[in-house]
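> Quick one, my_file-v4.txt (compact mmCIF, C-alpha atoms and all ligand atoms):
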```
# COMPACT_ATOMS: atom_id res chain seq x y z
CA MET A 1 0.00 0.00 0.00
CA THR A 2 1.24 3.45 -0.80
CA ALA A 3 -0.15 6.63 0.66
CA LEU A 4 -3.18 4.86 2.03
CA ASN A 5 -1.75 2.91 4.92
CA LYS A 6 -3.21 2.51 8.38
CA THR A 7 -1.27 5.28 10.11
CA GLY A 8 -3.07 8.01 8.23
CA ALA A 9 0.13 10.03 8.53
CA SER A 10 1.14 10.07 4.89
CA PRO A 11 -0.38 12.62 2.53
CA PRO A 12 -3.29 11.61 0.29
CA PRO A 13 -2.64 11.07 -3.41
CA ALA A 14 -3.09 14.24 -5.41
CA HIS A 15 -6.39 13.26 -7.03
CA LEU A 16 -8.01 12.60 -3.64
CA ARG A 17 -6.78 15.72 -1.92
CA VAL A 18 -9.13 18.57 -1.12
CA VAL A 19 -7.07 21.69 -1.46
CA GLY A 20 -7.54 24.57 0.93
CA ASP A 21 -10.47 23.03 2.76
CA ARG A 22 -9.16 22.79 6.28
CA GLY A 23 -9.25 25.71 8.65
CA ALA A 24 -11.34 27.67 6.22
CA SER A 25 -13.65 30.54 7.14
CA GLN A 26 -17.22 30.50 8.42
CA LYS A 27 -18.29 30.37 4.78
CA ALA A 28 -16.89 26.88 4.40
CA GLY A 29 -18.65 23.88 5.85
CA ILE A 30 -22.32 23.75 6.76
CA ARG A 31 -24.29 26.42 8.59
CA LEU A 32 -27.84 26.17 9.90
CA SER A 33 -29.70 29.25 11.00
CA ALA A 34 -33.06 28.80 12.81
CA VAL A 35 -33.82 25.70 10.74
CA SER A 36 -37.00 23.89 11.76
CA LYS A 37 -39.31 21.34 10.17
CA THR A 38 -42.99 20.62 10.58
CA TYR A 39 -44.47 17.99 8.28
CA ARG A 40 -47.99 18.76 7.08
CA SER A 41 -50.11 15.64 6.85
CA ARG A 42 -53.80 14.83 6.53
CA ASP A 43 -53.89 13.95 10.23
CA GLY A 44 -52.44 17.33 11.14
CA ASP A 45 -49.04 18.88 11.59
CA VAL A 46 -46.08 16.83 12.80
CA PRO A 47 -43.49 19.15 14.37
CA SER A 48 -40.25 17.25 13.79
CA LEU A 49 -37.44 19.71 14.46
CA GLN A 50 -37.34 22.79 16.63
CA PRO A 51 -35.29 25.72 15.29
CA LEU A 52 -31.64 24.63 15.14
CA ASP A 53 -28.53 26.80 14.93
CA PHE A 54 -25.11 25.30 14.46
CA HIS A 55 -22.06 25.31 12.23
CA ILE A 56 -20.01 22.38 10.98
CA ASN A 57 -16.47 23.33 10.04
CA ALA A 58 -14.86 22.34 6.77
CA GLY A 59 -12.95 19.11 7.21
CA GLU A 60 -14.74 18.34 10.45
CA PHE A 61 -16.08 14.92 11.42
CA PHE A 62 -19.42 15.86 12.99
CA VAL A 63 -21.69 13.20 14.48
CA VAL A 64 -25.36 13.48 15.49
CA VAL A 65 -26.94 11.12 18.03
CA GLY A 66 -30.54 11.18 19.17
CA PRO A 67 -33.61 9.07 19.93
CA SER A 68 -35.59 7.41 17.19
CA GLY A 69 -37.94 9.81 15.43
CA CYS A 70 -36.25 12.99 16.71
CA GLY A 71 -35.66 14.33 13.21
CA LYS A 72 -32.12 13.14 12.36
CA SER A 73 -32.96 11.91 8.84
CA THR A 74 -35.08 15.02 8.32
CA LEU A 75 -32.04 17.14 9.15
CA LEU A 76 -29.90 15.26 6.65
CA LYS A 77 -32.48 15.52 3.87
CA MET A 78 -32.74 19.27 4.39
CA ILE A 79 -28.96 19.75 4.22
CA SER A 80 -28.84 17.76 0.96
CA GLY A 81 -31.58 19.99 -0.46
CA LEU A 82 -34.03 17.09 -0.93
CA LEU A 83 -36.46 18.57 1.61
CA PRO A 84 -37.17 22.26 2.24
CA PRO A 85 -37.05 23.50 5.85
CA SER A 86 -40.24 25.02 7.30
CA THR A 87 -38.26 27.96 8.68
CA GLY A 88 -34.66 29.12 8.58
CA GLU A 89 -31.77 28.85 6.18
CA ILE A 90 -29.03 26.32 5.40
CA PHE A 91 -25.72 27.22 3.81
CA VAL A 92 -23.28 24.72 2.32
CA GLU A 93 -19.92 26.23 1.42
CA GLY A 94 -21.50 29.67 1.73
CA GLU A 95 -24.27 28.88 -0.78
CA LYS A 96 -27.85 28.85 0.37
CA VAL A 97 -29.47 25.44 -0.08
CA ASP A 98 -32.81 25.73 -1.85
CA LYS A 99 -32.74 22.69 -4.13
CA PRO A 100 -30.86 19.39 -4.41
CA HIS A 101 -27.23 20.29 -5.06
CA GLY A 102 -24.18 18.39 -6.22
CA ASN A 103 -22.06 19.43 -3.27
CA VAL A 104 -22.96 16.39 -1.19
CA GLY A 105 -22.46 12.67 -1.28
CA ILE A 106 -24.94 10.58 0.67
CA VAL A 107 -24.53 7.16 2.31
CA PHE A 108 -27.62 5.39 3.62
CA GLN A 109 -28.10 2.56 6.12
CA ASN A 110 -28.11 -0.03 3.36
CA ALA A 111 -25.64 0.12 0.51
CA LEU A 112 -28.44 0.33 -2.11
CA LEU A 113 -26.23 -0.80 -4.98
CA LEU A 114 -27.88 -1.53 -8.32
CA PRO A 115 -27.77 -5.34 -8.65
CA TRP A 116 -27.18 -5.35 -12.41
CA ARG A 117 -24.24 -2.93 -12.35
CA ASN A 118 -20.79 -4.15 -11.39
CA ILE A 119 -19.00 -2.52 -8.44
CA LEU A 120 -17.07 -0.04 -10.55
CA ASN A 121 -20.19 1.03 -12.43
CA ASN A 122 -22.12 1.36 -9.18
CA VAL A 123 -19.42 3.70 -7.91
CA MET A 124 -19.60 5.60 -11.23
CA LEU A 125 -23.38 6.09 -10.97
CA PRO A 126 -23.26 9.76 -9.83
CA ILE A 127 -20.91 10.51 -12.75
CA ASP A 128 -23.30 8.91 -15.24
CA MET A 129 -26.32 10.62 -13.70
CA LYS A 130 -24.63 14.02 -13.76
CA ARG A 131 -23.35 13.31 -17.28
CA LEU A 132 -19.79 14.10 -16.24
CA PRO A 133 -16.92 12.82 -18.42
CA ARG A 134 -16.38 9.13 -17.55
CA GLU A 135 -12.74 9.04 -18.62
CA GLU A 136 -11.95 11.83 -16.20
CA PHE A 137 -13.56 10.17 -13.19
CA LEU A 138 -12.67 6.51 -13.81
CA PRO A 139 -9.19 6.81 -12.29
CA ARG A 140 -10.75 8.45 -9.22
CA ALA A 141 -13.35 5.68 -8.86
CA LYS A 142 -10.60 3.05 -9.08
CA ALA A 143 -8.41 4.92 -6.58
CA LEU A 144 -11.31 5.12 -4.13
CA LEU A 145 -12.01 1.39 -4.49
CA LYS A 146 -8.35 0.75 -3.75
CA LEU A 147 -8.54 3.08 -0.75
CA VAL A 148 -11.31 0.96 0.79
CA GLY A 149 -9.63 -2.35 -0.05
CA LEU A 150 -11.84 -3.30 -2.99
CA GLU A 151 -9.14 -3.38 -5.64
CA GLY A 152 -9.75 -6.42 -7.81
CA PHE A 153 -13.51 -6.39 -7.16
CA GLU A 154 -14.34 -3.75 -9.80
CA ARG A 155 -16.00 -6.24 -12.15
CA LYS A 156 -17.89 -8.19 -9.49
CA LEU A 157 -21.63 -7.81 -9.05
CA PRO A 158 -22.94 -6.60 -5.66
CA TRP A 159 -24.20 -10.05 -4.57
CA GLN A 160 -20.66 -11.40 -4.87
CA LEU A 161 -19.53 -9.07 -2.05
CA SER A 162 -20.19 -9.17 1.71
CA GLY A 163 -22.40 -6.54 3.37
CA GLY A 164 -19.37 -4.66 4.66
CA MET A 165 -17.76 -4.64 1.20
CA GLN A 166 -20.99 -3.37 -0.37
CA GLN A 167 -21.17 -0.57 2.18
CA ARG A 168 -17.55 0.35 1.41
CA ALA A 169 -18.48 0.55 -2.28
CA SER A 170 -21.38 2.85 -1.40
CA ILE A 171 -18.96 5.14 0.43
CA CYS A 172 -16.87 5.30 -2.77
CA ARG A 173 -20.04 6.17 -4.71
CA ALA A 174 -20.68 9.06 -2.30
CA LEU A 175 -17.14 10.40 -2.82
CA VAL A 176 -16.59 9.82 -6.55
CA HIS A 177 -17.86 13.20 -7.80
CA ASP A 178 -15.66 14.90 -5.18
CA PRO A 179 -18.44 16.52 -3.13
CA LYS A 180 -17.45 19.02 -0.47
CA ILE A 181 -19.44 17.23 2.18
CA VAL A 182 -20.53 13.69 2.89
CA LEU A 183 -23.78 12.95 4.70
CA MET A 184 -24.19 9.51 6.28
CA ASP A 185 -27.49 8.31 7.73
CA GLU A 186 -26.80 5.39 10.10
CA PRO A 187 -24.47 3.89 7.49
CA PHE A 188 -23.38 0.87 9.52
CA GLY A 189 -26.67 -0.06 11.18
CA ALA A 190 -27.08 -3.21 9.10
CA LEU A 191 -23.61 -4.59 9.79
CA ASP A 192 -22.46 -7.02 12.47
CA ALA A 193 -20.49 -5.58 15.38
CA MET A 194 -17.04 -6.63 14.18
CA THR A 195 -17.51 -5.43 10.61
CA ARG A 196 -18.91 -2.23 12.01
CA GLU A 197 -15.77 -1.56 14.06
CA ARG A 198 -13.58 -2.19 11.04
CA MET A 199 -15.74 0.15 8.95
CA ASN A 200 -15.39 2.84 11.62
CA VAL A 201 -11.61 2.62 11.46
CA GLU A 202 -11.67 2.70 7.66
CA LEU A 203 -14.11 5.58 7.47
CA MET A 204 -11.96 7.62 9.83
CA ARG A 205 -8.92 6.96 7.68
CA ILE A 206 -10.79 7.90 4.47
CA GLN A 207 -12.04 11.11 6.05
CA ARG A 208 -8.52 11.99 7.18
CA GLU A 209 -7.02 11.26 3.82
CA THR A 210 -9.62 13.07 1.71
CA GLY A 211 -10.19 15.97 4.12
CA LYS A 212 -13.95 15.83 3.57
CA THR A 213 -16.49 17.42 5.86
CA VAL A 214 -18.55 14.52 7.23
CA LEU A 215 -21.92 14.63 8.96
CA LEU A 216 -22.75 11.18 10.29
CA ILE A 217 -25.89 10.05 12.09
CA THR A 218 -25.73 7.09 14.44
CA HIS A 219 -27.59 5.62 17.39
CA SER A 220 -24.39 4.16 18.82
CA ILE A 221 -22.86 6.50 21.39
CA PRO A 222 -19.44 4.74 21.42
CA GLU A 223 -19.36 4.94 17.62
CA ALA A 224 -20.14 8.66 17.83
CA VAL A 225 -17.34 9.37 20.32
CA PHE A 226 -14.86 7.17 18.46
CA LEU A 227 -15.40 8.94 15.13
CA ALA A 228 -16.25 12.52 15.95
CA ASP A 229 -14.46 15.80 16.37
CA ARG A 230 -17.76 16.96 17.90
CA VAL A 231 -20.94 15.12 18.86
CA LEU A 232 -24.34 16.82 18.70
CA VAL A 233 -26.88 15.23 21.06
CA MET A 234 -30.54 15.71 20.17
CA THR A 235 -33.63 15.64 22.35
CA GLU A 236 -36.78 13.66 21.64
CA ARG A 237 -39.11 14.87 18.85
CA PRO A 238 -39.49 17.66 18.02
CA GLY A 239 -35.70 17.47 18.08
CA ALA A 240 -33.64 20.26 19.57
CA ILE A 241 -29.96 20.49 20.48
CA ALA A 242 -29.46 18.97 23.95
CA ALA A 243 -25.68 19.52 23.87
CA ILE A 244 -22.65 19.63 21.62
CA TYR A 245 -19.50 17.92 22.93
CA ASP A 246 -15.92 18.30 21.81
CA VAL A 247 -14.08 15.00 21.60
CA PRO A 248 -10.56 15.81 22.85
CA LEU A 249 -9.06 12.46 21.83
CA PRO A 250 -5.95 12.81 19.63
CA ARG A 251 -5.86 11.54 16.04
CA PRO A 252 -5.13 9.22 14.41
CA ARG A 253 -7.25 7.02 16.67
CA SER A 254 -7.25 3.25 16.88
CA LEU A 255 -9.82 1.04 18.59
CA ASP A 256 -7.54 1.14 21.66
CA VAL A 257 -8.86 4.64 22.30
CA MET A 258 -12.02 2.99 23.65
CA THR A 259 -10.11 2.03 26.79
CA ASP A 260 -9.07 5.64 27.40
CA PRO A 261 -10.82 7.14 30.48
CA VAL A 262 -11.65 10.27 28.44
CA PHE A 263 -13.54 8.07 25.99
CA SER A 264 -15.55 6.25 28.68
CA GLU A 265 -16.35 9.44 30.54
CA LEU A 266 -17.70 11.11 27.41
CA VAL A 267 -19.78 8.06 26.48
CA GLN A 268 -21.25 8.11 29.99
CA ARG A 269 -22.03 11.83 29.82
CA ILE A 270 -23.83 11.45 26.53
CA ARG A 271 -25.70 8.37 27.74
CA LYS A 272 -27.07 10.37 30.67
CA HIS A 273 -29.04 12.51 28.23
CA PHE A 274 -31.15 9.47 27.42
CA PHE A 275 -31.58 7.98 30.89
CA THR A 276 -34.92 9.64 31.37
CA GLN A 277 -36.00 9.08 27.77
CA SER A 278 -37.00 6.05 25.78
CA ALA A 279 -34.24 3.91 24.28
CA LEU A 280 -32.36 5.03 21.20
CA ASP A 281 -33.31 3.65 17.79
N1 LIG B 301 -43.12 12.63 5.28
C1 LIG B 301 -43.47 12.72 6.57
N2 LIG B 301 -44.73 13.10 6.92
C2 LIG B 301 -45.09 13.22 8.22
N3 LIG B 301 -44.26 12.98 9.26
C3 LIG B 301 -43.00 12.58 8.97
C4 LIG B 301 -42.54 12.43 7.62
N4 LIG B 301 -41.24 12.04 7.66
C5 LIG B 301 -40.92 11.94 8.97
N5 LIG B 301 -41.96 12.28 9.75
C6 LIG B 301 -41.97 12.33 11.21
O1 LIG B 301 -40.97 13.24 11.64
C7 LIG B 301 -40.27 12.73 12.74
C8 LIG B 301 -38.80 12.68 12.45
O2 LIG B 301 -38.53 11.71 11.46
P1 LIG B 301 -37.04 11.30 11.06
O3 LIG B 301 -36.31 12.51 10.64
O4 LIG B 301 -37.13 10.19 10.10
O5 LIG B 301 -36.47 10.79 12.47
P2 LIG B 301 -35.13 9.97 12.82
O6 LIG B 301 -34.31 9.87 11.57
O7 LIG B 301 -34.47 10.77 13.91
O8 LIG B 301 -35.56 8.64 13.34
C9 LIG B 301 -40.85 11.36 13.06
O9 LIG B 301 -41.72 11.48 14.13
C10 LIG B 301 -41.58 10.97 11.80
O10 LIG B 301 -42.72 10.22 12.09
MG MG B 302 -33.62 8.22 10.53
```
Could you spell out this file's structure in structure tokens?
Ligand SMILES: Nc1ncnc2c1ncn2[C@@H]1O[C@H](COP(=O)(O)OP(=O)(O)O)[C@@H](O)[C@H]1O
Ligand SMILES: [Mg+2]

Amino acid sequence: MTALNKTGASPPPAHLRVVGDRGASQKAGIRLSAVSKTYRSRDGDVPSLQPLDFHINAGEFFVVVGPSGCGKSTLLKMISGLLPPSTGEIFVEGEKVDKPHGNVGIVFQNALLLPWRNILNNVMLPIDMKRLPREEFLPRAKALLKLVGLEGFERKLPWQLSGGMQQRASICRALVHDPKIVLMDEPFGALDAMTRERMNVELMRIQRETGKTVLLITHSIPEAVFLADRVLVMTERPGAIAAIYDVPLPRPRSLDVMTDPVFSELVQRIRKHFFTQSALD
């Protein structure tokens, strides 16, 4: 392996690097200003999110945890432009979001690969849909597959891969068009515990090496603390911000960090938010 080894210390290859993204101004990243959502339905209004204000820095790994139904997926859909907020404004890289935009890559709970397309062509899907030049993006798709350990599987069909491998391919698909930000909605919920831990380590390495801004939703508090620069804890529906925690654990992190007292203490503090509430997802 070349620049993509486990230490995360070596620089990313040129075609995966995001230039000038880190430490950028308030304009970079994601900003929410008084963003709320109430769904209108035949049975009446469903208030889902109370007005939220927060900012995610460029290059930050930002994780949201909260009880089932508190509006986490709603939040993600609004940031991607798929769903309009009821009030407030969202800015991605300084641009107001008022329609679906190409500046995001999305990863869902299940890989959702197209069964008739091979792995490489599944990863290339956003390029084909956006009618971008294939020749230009093919090397990037292949480099991403290599980055997640799927080199040699380009021509395989999804069913020939394990669940964890499929989810890794879906992460490549979210990154292939080089979006500024990556939104992940409980991406590892369908995986077994061991695969999930491995995916966490790999995702952290990918994020480090590509410098992407990542917003990840999870119902696992240890996963949140392990991955995040900051963790946003939400209240029950209609969701509001209960707290935002800094995770002062140094990077690069390995799974050993879970035995660090700072890690356990933070997990405990976050868990306390839910003691009086129903269980998480
Ligand atoms: N299209 C919709 N119409 C009406 N209510 C909805 C719709 N989508 C979601 N909701 C409601 O909004 C709340 C938040 O949903 P969601 O964002 O999916 O929560 P989470 O992802 O945190 O589990 C839930 O109570 C859900 O029932
Ligand atoms: Mg959800």
> Write out as a PyMOL selection string the residues lying within 9 Å of stretch 256-259 of chain A, counting all atoms listed in the file and excluding same-chain residues fewer than 3 positions away.
chain A and resi 222+225-226+249+253+262-264
> What does the list of residues within 10 Å of ligand LIG 301 (chain B) look like if you count all atoms listed in the file, written as an NGL selection string?
:A and (37-49 or 64-78 or 83 or 185-186 or 217-219 or 234-239 or 280-281)
> When you count only C-alpha atoms and all ligand atoms, which of these residues is closest to ligand MG 302 (chain B): A:Val182, A:Lys272, A:Gly189, A:Ile30?
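Nearest to ligand MG 302 (chain B): A:Gly189.
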> Separation of atom CA of A:Arg168 and atom CA of A:Asn103, in Å?
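Answer for the atom CA of A:Arg168 to atom CA of A:Asn103 separation: 20.2 Å.
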> Tell me, as a list in words, which residues lie within 12 Å of A:Thr195, counting all atoms listed in the file; anything in the same chain fewer than 6 positions away does not count.
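My reading of the contact set: Ser162, Gly163, Gly164, Met165, Gln166, Gln167, Arg168, Phe188, Gly189, Val201, Glu202 and Leu203 of chain A.
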> Which one of A:Ile221, A:Ala141, A:Ala242, A:Leu175 sits closest to A:Gln268 if you count only C-alpha atoms?
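Going through A:Ile221, A:Ala141, A:Ala242, A:Leu175 one by one, the smallest distance to A:Gln268 is for A:Ile221.
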> Just the number, please: distance in Å from atom CA of A:Pro252 to atom CA of A:Arg208, one decimal.
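Taking atom CA of A:Pro252 as the start and atom CA of A:Arg208 as the end point, the length is 8.5 Å.
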> Using only C-alpha atoms, which protein or nucleic acid residues come within 10 Å of A:Gln207? Drop anything in the same chain fewer than 3 positions from it, and give the result as a ChimeraX atom specification.
/A:8,59-61,182,202-204,210-214,227
> Work out how far apart atom CA of A:Ala193 and atom MG of ligand MG 302 (chain B) are and give it in Å to one decimal.
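Answer for the atom CA of A:Ala193 to atom MG of ligand MG 302 (chain B) separation: 19.7 Å.
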> For ligand MG 302 (chain B), which of A:Leu255, A:Leu216, A:Ile127, A:Ala111 is the closest residue, counting all atoms listed in the file?
A:Leu216
> Could you work out an axis-aligned bounding box for all listed atoms of stretch 190-197 of chain A, with 4 Å added on each of the six sides, and give its centre and edge lengths in Å to one decimal, as AutoDock Vina command-line options?

```
--center_x -21.4 --center_y -4.3 --center_z 12.2 --size_x 19.3 --size_y 13.5 --size_z 14.3
```
> Point out the residue among A:Met199, A:Ile119, A:Val63, A:Leu157 with the least atom-to-atom distance to A:Asp229, counting all atoms listed in the file.
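Smallest separation from A:Asp229 among the options: A:Val63.
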> Identify which of the residues A:Val92, A:Ala228, A:Met194, A:Val107 lies closest to A:Arg251, counting only C-alpha atoms when measuring atom-to-atom distances.
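For A:Arg251, the nearest of the candidates is A:Ala228.
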> When you count only C-alpha atoms, which of these residues is closest to A:Leu144: A:Pro261, A:Ala174, A:Asn57, A:Ala240?
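Comparing A:Pro261, A:Ala174, A:Asn57, A:Ala240 against A:Leu144, the winner is A:Ala174.
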